[in-house]
Amino acid sequence: MKYKKLVRDNIPDMIEKEGYVPKTQILSDEEYLRALDKKLCEEVREYRRSGEIEELADILEVVYAAAQARGYSAEELMRIKTEKQAERGGFSKKIFLISKLKKG
């Protein structure tokens with residue numbers, strides 16, 4: 001069976017325990033960033049299909065990995081998220097913007 005996708009670090013060991021031989025490669029930094037972007041899209045699709053919290057956790061895992069791969073810490077990511085939320089708010093009010101018209 002072919003996968004050709006980024007997987008979590010323990011997946012090759014899990015495959016071996018199932019009696020299979022995983023064929024893997026270590027990606028370059030550039031390939032890794034592209035694979036993370038593709039993985040993020042995959043995880044979002046899975047969440048949209050299922051709506052399950054496990055898929056949200058997978059999205060977070062990929063987001064943290066992407067931040068780290070780009071040289072940002074989890075703390076820096078959360079700091080920026082908190083700053084943006086303080087300035088612009090979150091999404092809890094369920095506001096859906098239809099349009100923006102100039103006054104006067």
# chains A, B, ... in the order shown; residues from 1 in each chain; ligands from 1
$ residues_around --residues "Lys4 (chain A)" --least-positions-apart "3" --cutoff "12 Å" --atoms "only C-alpha atoms" --output "list in words"
Met1, Val7, Pro22, Lys23, Thr24, Gln25, Leu27, Ala35, Lys38 and Lys39 of chain A
$ write_last_selection --atoms "N, CA, C and O atoms" --output "PDB file, in the first residue's frame"
ATOM      1  N   MET A   1       0.849  -1.179   0.000  1.00  0.00           N
ATOM      2  CA  MET A   1       0.000   0.000   0.000  1.00  0.00           C
ATOM      3  C   MET A   1       0.897   1.246   0.000  1.00  0.00           C
ATOM      4  O   MET A   1       1.848   1.327   0.758  1.00  0.00           O
ATOM      5  N   VAL A   7       3.761  11.604   8.093  1.00  0.00           N
ATOM      6  CA  VAL A   7       3.096  10.893   9.177  1.00  0.00           C
ATOM      7  C   VAL A   7       3.748  11.257  10.514  1.00  0.00           C
ATOM      8  O   VAL A   7       4.873  11.743  10.557  1.00  0.00           O
ATOM      9  N   PRO A  22       7.924  -0.613   6.943  1.00  0.00           N
ATOM     10  CA  PRO A  22       7.657   0.707   6.363  1.00  0.00           C
ATOM     11  C   PRO A  22       8.841   1.188   5.530  1.00  0.00           C
ATOM     12  O   PRO A  22       9.996   0.980   5.901  1.00  0.00           O
ATOM     13  N   LYS A  23       8.549   1.779   4.408  1.00  0.00           N
ATOM     14  CA  LYS A  23       9.583   2.428   3.597  1.00  0.00           C
ATOM     15  C   LYS A  23       9.400   3.923   3.815  1.00  0.00           C
ATOM     16  O   LYS A  23       8.331   4.472   3.524  1.00  0.00           O
ATOM     17  N   THR A  24      10.439   4.585   4.330  1.00  0.00           N
ATOM     18  CA  THR A  24      10.342   6.007   4.675  1.00  0.00           C
ATOM     19  C   THR A  24      11.529   6.773   4.104  1.00  0.00           C
ATOM     20  O   THR A  24      12.497   6.178   3.621  1.00  0.00           O
ATOM     21  N   GLN A  25      11.432   8.081   4.178  1.00  0.00           N
ATOM     22  CA  GLN A  25      12.557   8.952   3.855  1.00  0.00           C
ATOM     23  C   GLN A  25      12.465  10.166   4.766  1.00  0.00           C
ATOM     24  O   GLN A  25      11.383  10.505   5.250  1.00  0.00           O
ATOM     25  N   LEU A  27      12.710  14.091   5.012  1.00  0.00           N
ATOM     26  CA  LEU A  27      12.540  15.207   4.088  1.00  0.00           C
ATOM     27  C   LEU A  27      13.542  16.320   4.359  1.00  0.00           C
ATOM     28  O   LEU A  27      13.957  16.531   5.505  1.00  0.00           O
ATOM     29  N   ALA A  35       5.207  19.522   2.826  1.00  0.00           N
ATOM     30  CA  ALA A  35       4.445  18.383   3.340  1.00  0.00           C
ATOM     31  C   ALA A  35       3.552  18.807   4.503  1.00  0.00           C
ATOM     32  O   ALA A  35       2.419  18.314   4.625  1.00  0.00           O
ATOM     33  N   LYS A  38       0.517  20.554   3.068  1.00  0.00           N
ATOM     34  CA  LYS A  38      -0.387  19.555   2.498  1.00  0.00           C
ATOM     35  C   LYS A  38      -1.105  18.794   3.614  1.00  0.00           C
ATOM     36  O   LYS A  38      -2.307  18.524   3.524  1.00  0.00           O
ATOM     37  N   LYS A  39      -0.374  18.457   4.671  1.00  0.00           N
ATOM     38  CA  LYS A  39      -0.950  17.736   5.801  1.00  0.00           C
ATOM     39  C   LYS A  39      -2.017  18.576   6.491  1.00  0.00           C
ATOM     40  O   LYS A  39      -3.058  18.056   6.910  1.00  0.00           O
TER      41      LYS A  39
END
$ select_by_dssp --residues "chain A" --states "alpha helix (DSSP H)" --output "VMD selection string"
chain A and resid 11 to 17 29 to 50 53 to 69 74 to 88
$ closest_residue --among "A:Ile98, A:Ala67, A:Ala86, A:Met78" --to "Asp37 (chain A)" --atoms "only C-alpha atoms"
A:Ala67
$ residues_around --residues "Ala69 (chain A)" --least-positions-apart "4" --cutoff "10 Å" --atoms "only C-alpha atoms" --output "list in words"
Asp29, Glu30, Tyr32, Leu33, Leu36, Val63, Tyr64, Ala65 and Ser73 of chain A
$ residues_around --residues "Gly90 (chain A)" --least-positions-apart "6" --cutoff "10 Å" --atoms "only C-alpha atoms" --output "ChimeraX atom specification"
/A:81-82,84
$ atom_distance --atom1 "CA of Tyr3 (chain A)" --atom2 "CA of Asp58 (chain A)"
17.7 Å
$ atom_distance --atom1 "CA of Ala57 (chain A)" --atom2 "CA of Glu43 (chain A)"
9.4 Å
$ atom_distance --atom1 "CA of Tyr20 (chain A)" --atom2 "CA of Leu6 (chain A)"
17.9 Å
$ residues_around --residues "Leu56 (chain A)" --least-positions-apart "5" --cutoff "9 Å" --atoms "only C-alpha atoms" --output "list in words"
Glu43, Val44, Tyr47, Gly51 and Glu61 of chain A
$ decode --residues "region 65-80 of chain A" --atoms "all heavy atoms" --output "PDB file, in the first residue's frame"
ATOM      1  N   ALA A  65       3.747  22.108  14.547  1.00  0.00           N
ATOM      2  CA  ALA A  65       4.910  21.632  13.791  1.00  0.00           C
ATOM      3  C   ALA A  65       5.307  22.633  12.709  1.00  0.00           C
ATOM      4  O   ALA A  65       6.495  22.892  12.497  1.00  0.00           O
ATOM      5  CB  ALA A  65       4.611  20.264  13.166  1.00  0.00           C
ATOM      6  N   ALA A  66       4.311  23.217  12.028  1.00  0.00           N
ATOM      7  CA  ALA A  66       4.599  24.215  10.992  1.00  0.00           C
ATOM      8  C   ALA A  66       5.248  25.455  11.603  1.00  0.00           C
ATOM      9  O   ALA A  66       6.197  26.011  11.036  1.00  0.00           O
ATOM     10  CB  ALA A  66       3.318  24.584  10.244  1.00  0.00           C
ATOM     11  N   ALA A  67       4.749  25.890  12.741  1.00  0.00           N
ATOM     12  CA  ALA A  67       5.345  27.050  13.413  1.00  0.00           C
ATOM     13  C   ALA A  67       6.794  26.758  13.770  1.00  0.00           C
ATOM     14  O   ALA A  67       7.690  27.571  13.496  1.00  0.00           O
ATOM     15  CB  ALA A  67       4.538  27.406  14.659  1.00  0.00           C
ATOM     16  N   GLN A  68       7.044  25.598  14.370  1.00  0.00           N
ATOM     17  CA  GLN A  68       8.400  25.227  14.749  1.00  0.00           C
ATOM     18  C   GLN A  68       9.310  25.125  13.531  1.00  0.00           C
ATOM     19  O   GLN A  68      10.451  25.593  13.552  1.00  0.00           O
ATOM     20  CB  GLN A  68       8.384  23.908  15.511  1.00  0.00           C
ATOM     21  CG  GLN A  68       9.748  23.501  16.021  1.00  0.00           C
ATOM     22  CD  GLN A  68       9.714  22.208  16.811  1.00  0.00           C
ATOM     23  OE1 GLN A  68       8.761  21.433  16.719  1.00  0.00           O
ATOM     24  NE2 GLN A  68      10.749  21.962  17.583  1.00  0.00           N
ATOM     25  N   ALA A  69       8.806  24.544  12.452  1.00  0.00           N
ATOM     26  CA  ALA A  69       9.609  24.396  11.231  1.00  0.00           C
ATOM     27  C   ALA A  69       9.976  25.743  10.633  1.00  0.00           C
ATOM     28  O   ALA A  69      10.988  25.861   9.937  1.00  0.00           O
ATOM     29  CB  ALA A  69       8.844  23.552  10.211  1.00  0.00           C
ATOM     30  N   ARG A  70       9.163  26.746  10.897  1.00  0.00           N
ATOM     31  CA  ARG A  70       9.442  28.092  10.388  1.00  0.00           C
ATOM     32  C   ARG A  70      10.196  28.942  11.409  1.00  0.00           C
ATOM     33  O   ARG A  70      10.374  30.136  11.225  1.00  0.00           O
ATOM     34  CB  ARG A  70       8.131  28.760   9.981  1.00  0.00           C
ATOM     35  CG  ARG A  70       7.561  28.169   8.701  1.00  0.00           C
ATOM     36  CD  ARG A  70       6.207  28.752   8.334  1.00  0.00           C
ATOM     37  NE  ARG A  70       5.797  28.341   7.007  1.00  0.00           N
ATOM     38  CZ  ARG A  70       5.262  27.159   6.704  1.00  0.00           C
ATOM     39  NH1 ARG A  70       5.052  26.264   7.643  1.00  0.00           N
ATOM     40  NH2 ARG A  70       4.924  26.855   5.472  1.00  0.00           N
ATOM     41  N   GLY A  71      10.619  28.314  12.515  1.00  0.00           N
ATOM     42  CA  GLY A  71      11.455  28.998  13.503  1.00  0.00           C
ATOM     43  C   GLY A  71      10.699  29.686  14.622  1.00  0.00           C
ATOM     44  O   GLY A  71      11.278  30.494  15.345  1.00  0.00           O
ATOM     45  N   TYR A  72       9.421  29.392  14.780  1.00  0.00           N
ATOM     46  CA  TYR A  72       8.615  29.998  15.842  1.00  0.00           C
ATOM     47  C   TYR A  72       8.343  28.982  16.937  1.00  0.00           C
ATOM     48  O   TYR A  72       8.145  27.802  16.658  1.00  0.00           O
ATOM     49  CB  TYR A  72       7.273  30.499  15.292  1.00  0.00           C
ATOM     50  CG  TYR A  72       7.395  31.419  14.112  1.00  0.00           C
ATOM     51  CD1 TYR A  72       6.882  31.047  12.875  1.00  0.00           C
ATOM     52  CD2 TYR A  72       8.024  32.652  14.221  1.00  0.00           C
ATOM     53  CE1 TYR A  72       6.989  31.898  11.777  1.00  0.00           C
ATOM     54  CE2 TYR A  72       8.142  33.497  13.128  1.00  0.00           C
ATOM     55  CZ  TYR A  72       7.622  33.113  11.907  1.00  0.00           C
ATOM     56  OH  TYR A  72       7.734  33.932  10.826  1.00  0.00           O
ATOM     57  N   SER A  73       8.294  29.445  18.171  1.00  0.00           N
ATOM     58  CA  SER A  73       7.968  28.552  19.281  1.00  0.00           C
ATOM     59  C   SER A  73       6.454  28.499  19.474  1.00  0.00           C
ATOM     60  O   SER A  73       5.725  29.388  19.013  1.00  0.00           O
ATOM     61  CB  SER A  73       8.626  29.049  20.574  1.00  0.00           C
ATOM     62  OG  SER A  73       8.026  30.267  20.987  1.00  0.00           O
ATOM     63  N   ALA A  74       6.003  27.479  20.177  1.00  0.00           N
ATOM     64  CA  ALA A  74       4.583  27.368  20.520  1.00  0.00           C
ATOM     65  C   ALA A  74       4.158  28.568  21.364  1.00  0.00           C
ATOM     66  O   ALA A  74       3.059  29.093  21.200  1.00  0.00           O
ATOM     67  CB  ALA A  74       4.319  26.064  21.265  1.00  0.00           C
ATOM     68  N   GLU A  75       5.052  29.010  22.236  1.00  0.00           N
ATOM     69  CA  GLU A  75       4.750  30.167  23.080  1.00  0.00           C
ATOM     70  C   GLU A  75       4.571  31.430  22.254  1.00  0.00           C
ATOM     71  O   GLU A  75       3.663  32.230  22.501  1.00  0.00           O
ATOM     72  CB  GLU A  75       5.863  30.376  24.121  1.00  0.00           C
ATOM     73  CG  GLU A  75       5.964  29.278  25.150  1.00  0.00           C
ATOM     74  CD  GLU A  75       6.681  28.015  24.655  1.00  0.00           C
ATOM     75  OE1 GLU A  75       7.404  28.067  23.624  1.00  0.00           O
ATOM     76  OE2 GLU A  75       6.485  26.960  25.296  1.00  0.00           O
ATOM     77  N   GLU A  76       5.422  31.618  21.244  1.00  0.00           N
ATOM     78  CA  GLU A  76       5.307  32.792  20.375  1.00  0.00           C
ATOM     79  C   GLU A  76       4.009  32.741  19.578  1.00  0.00           C
ATOM     80  O   GLU A  76       3.316  33.749  19.431  1.00  0.00           O
ATOM     81  CB  GLU A  76       6.510  32.866  19.434  1.00  0.00           C
ATOM     82  CG  GLU A  76       6.556  34.129  18.615  1.00  0.00           C
ATOM     83  CD  GLU A  76       7.822  34.250  17.786  1.00  0.00           C
ATOM     84  OE1 GLU A  76       8.645  33.327  17.761  1.00  0.00           O
ATOM     85  OE2 GLU A  76       7.973  35.296  17.137  1.00  0.00           O
ATOM     86  N   LEU A  77       3.669  31.570  19.078  1.00  0.00           N
ATOM     87  CA  LEU A  77       2.422  31.395  18.344  1.00  0.00           C
ATOM     88  C   LEU A  77       1.231  31.753  19.219  1.00  0.00           C
ATOM     89  O   LEU A  77       0.339  32.497  18.802  1.00  0.00           O
ATOM     90  CB  LEU A  77       2.311  29.947  17.846  1.00  0.00           C
ATOM     91  CG  LEU A  77       1.047  29.571  17.096  1.00  0.00           C
ATOM     92  CD1 LEU A  77       0.928  30.362  15.795  1.00  0.00           C
ATOM     93  CD2 LEU A  77       1.038  28.076  16.815  1.00  0.00           C
ATOM     94  N   MET A  78       1.213  31.261  20.455  1.00  0.00           N
ATOM     95  CA  MET A  78       0.101  31.541  21.363  1.00  0.00           C
ATOM     96  C   MET A  78       0.071  33.014  21.770  1.00  0.00           C
ATOM     97  O   MET A  78      -1.000  33.592  21.937  1.00  0.00           O
ATOM     98  CB  MET A  78       0.183  30.637  22.588  1.00  0.00           C
ATOM     99  CG  MET A  78      -0.082  29.170  22.263  1.00  0.00           C
ATOM    100  SD  MET A  78      -1.600  28.885  21.331  1.00  0.00           S
ATOM    101  CE  MET A  78      -2.817  29.404  22.517  1.00  0.00           C
ATOM    102  N   ARG A  79       1.236  33.641  21.916  1.00  0.00           N
ATOM    103  CA  ARG A  79       1.295  35.061  22.252  1.00  0.00           C
ATOM    104  C   ARG A  79       0.656  35.890  21.140  1.00  0.00           C
ATOM    105  O   ARG A  79      -0.168  36.776  21.390  1.00  0.00           O
ATOM    106  CB  ARG A  79       2.747  35.514  22.483  1.00  0.00           C
ATOM    107  CG  ARG A  79       2.867  37.004  22.812  1.00  0.00           C
ATOM    108  CD  ARG A  79       4.316  37.454  22.918  1.00  0.00           C
ATOM    109  NE  ARG A  79       5.123  37.170  21.744  1.00  0.00           N
ATOM    110  CZ  ARG A  79       5.096  37.870  20.613  1.00  0.00           C
ATOM    111  NH1 ARG A  79       4.277  38.909  20.483  1.00  0.00           N
ATOM    112  NH2 ARG A  79       5.880  37.557  19.597  1.00  0.00           N
ATOM    113  N   ILE A  80       0.996  35.580  19.899  1.00  0.00           N
ATOM    114  CA  ILE A  80       0.440  36.316  18.761  1.00  0.00           C
ATOM    115  C   ILE A  80      -1.064  36.066  18.656  1.00  0.00           C
ATOM    116  O   ILE A  80      -1.841  36.981  18.410  1.00  0.00           O
ATOM    117  CB  ILE A  80       1.182  35.958  17.461  1.00  0.00           C
ATOM    118  CG1 ILE A  80       2.611  36.503  17.542  1.00  0.00           C
ATOM    119  CG2 ILE A  80       0.449  36.489  16.237  1.00  0.00           C
ATOM    120  CD1 ILE A  80       3.522  36.021  16.455  1.00  0.00           C
TER     121      ILE A  80
END
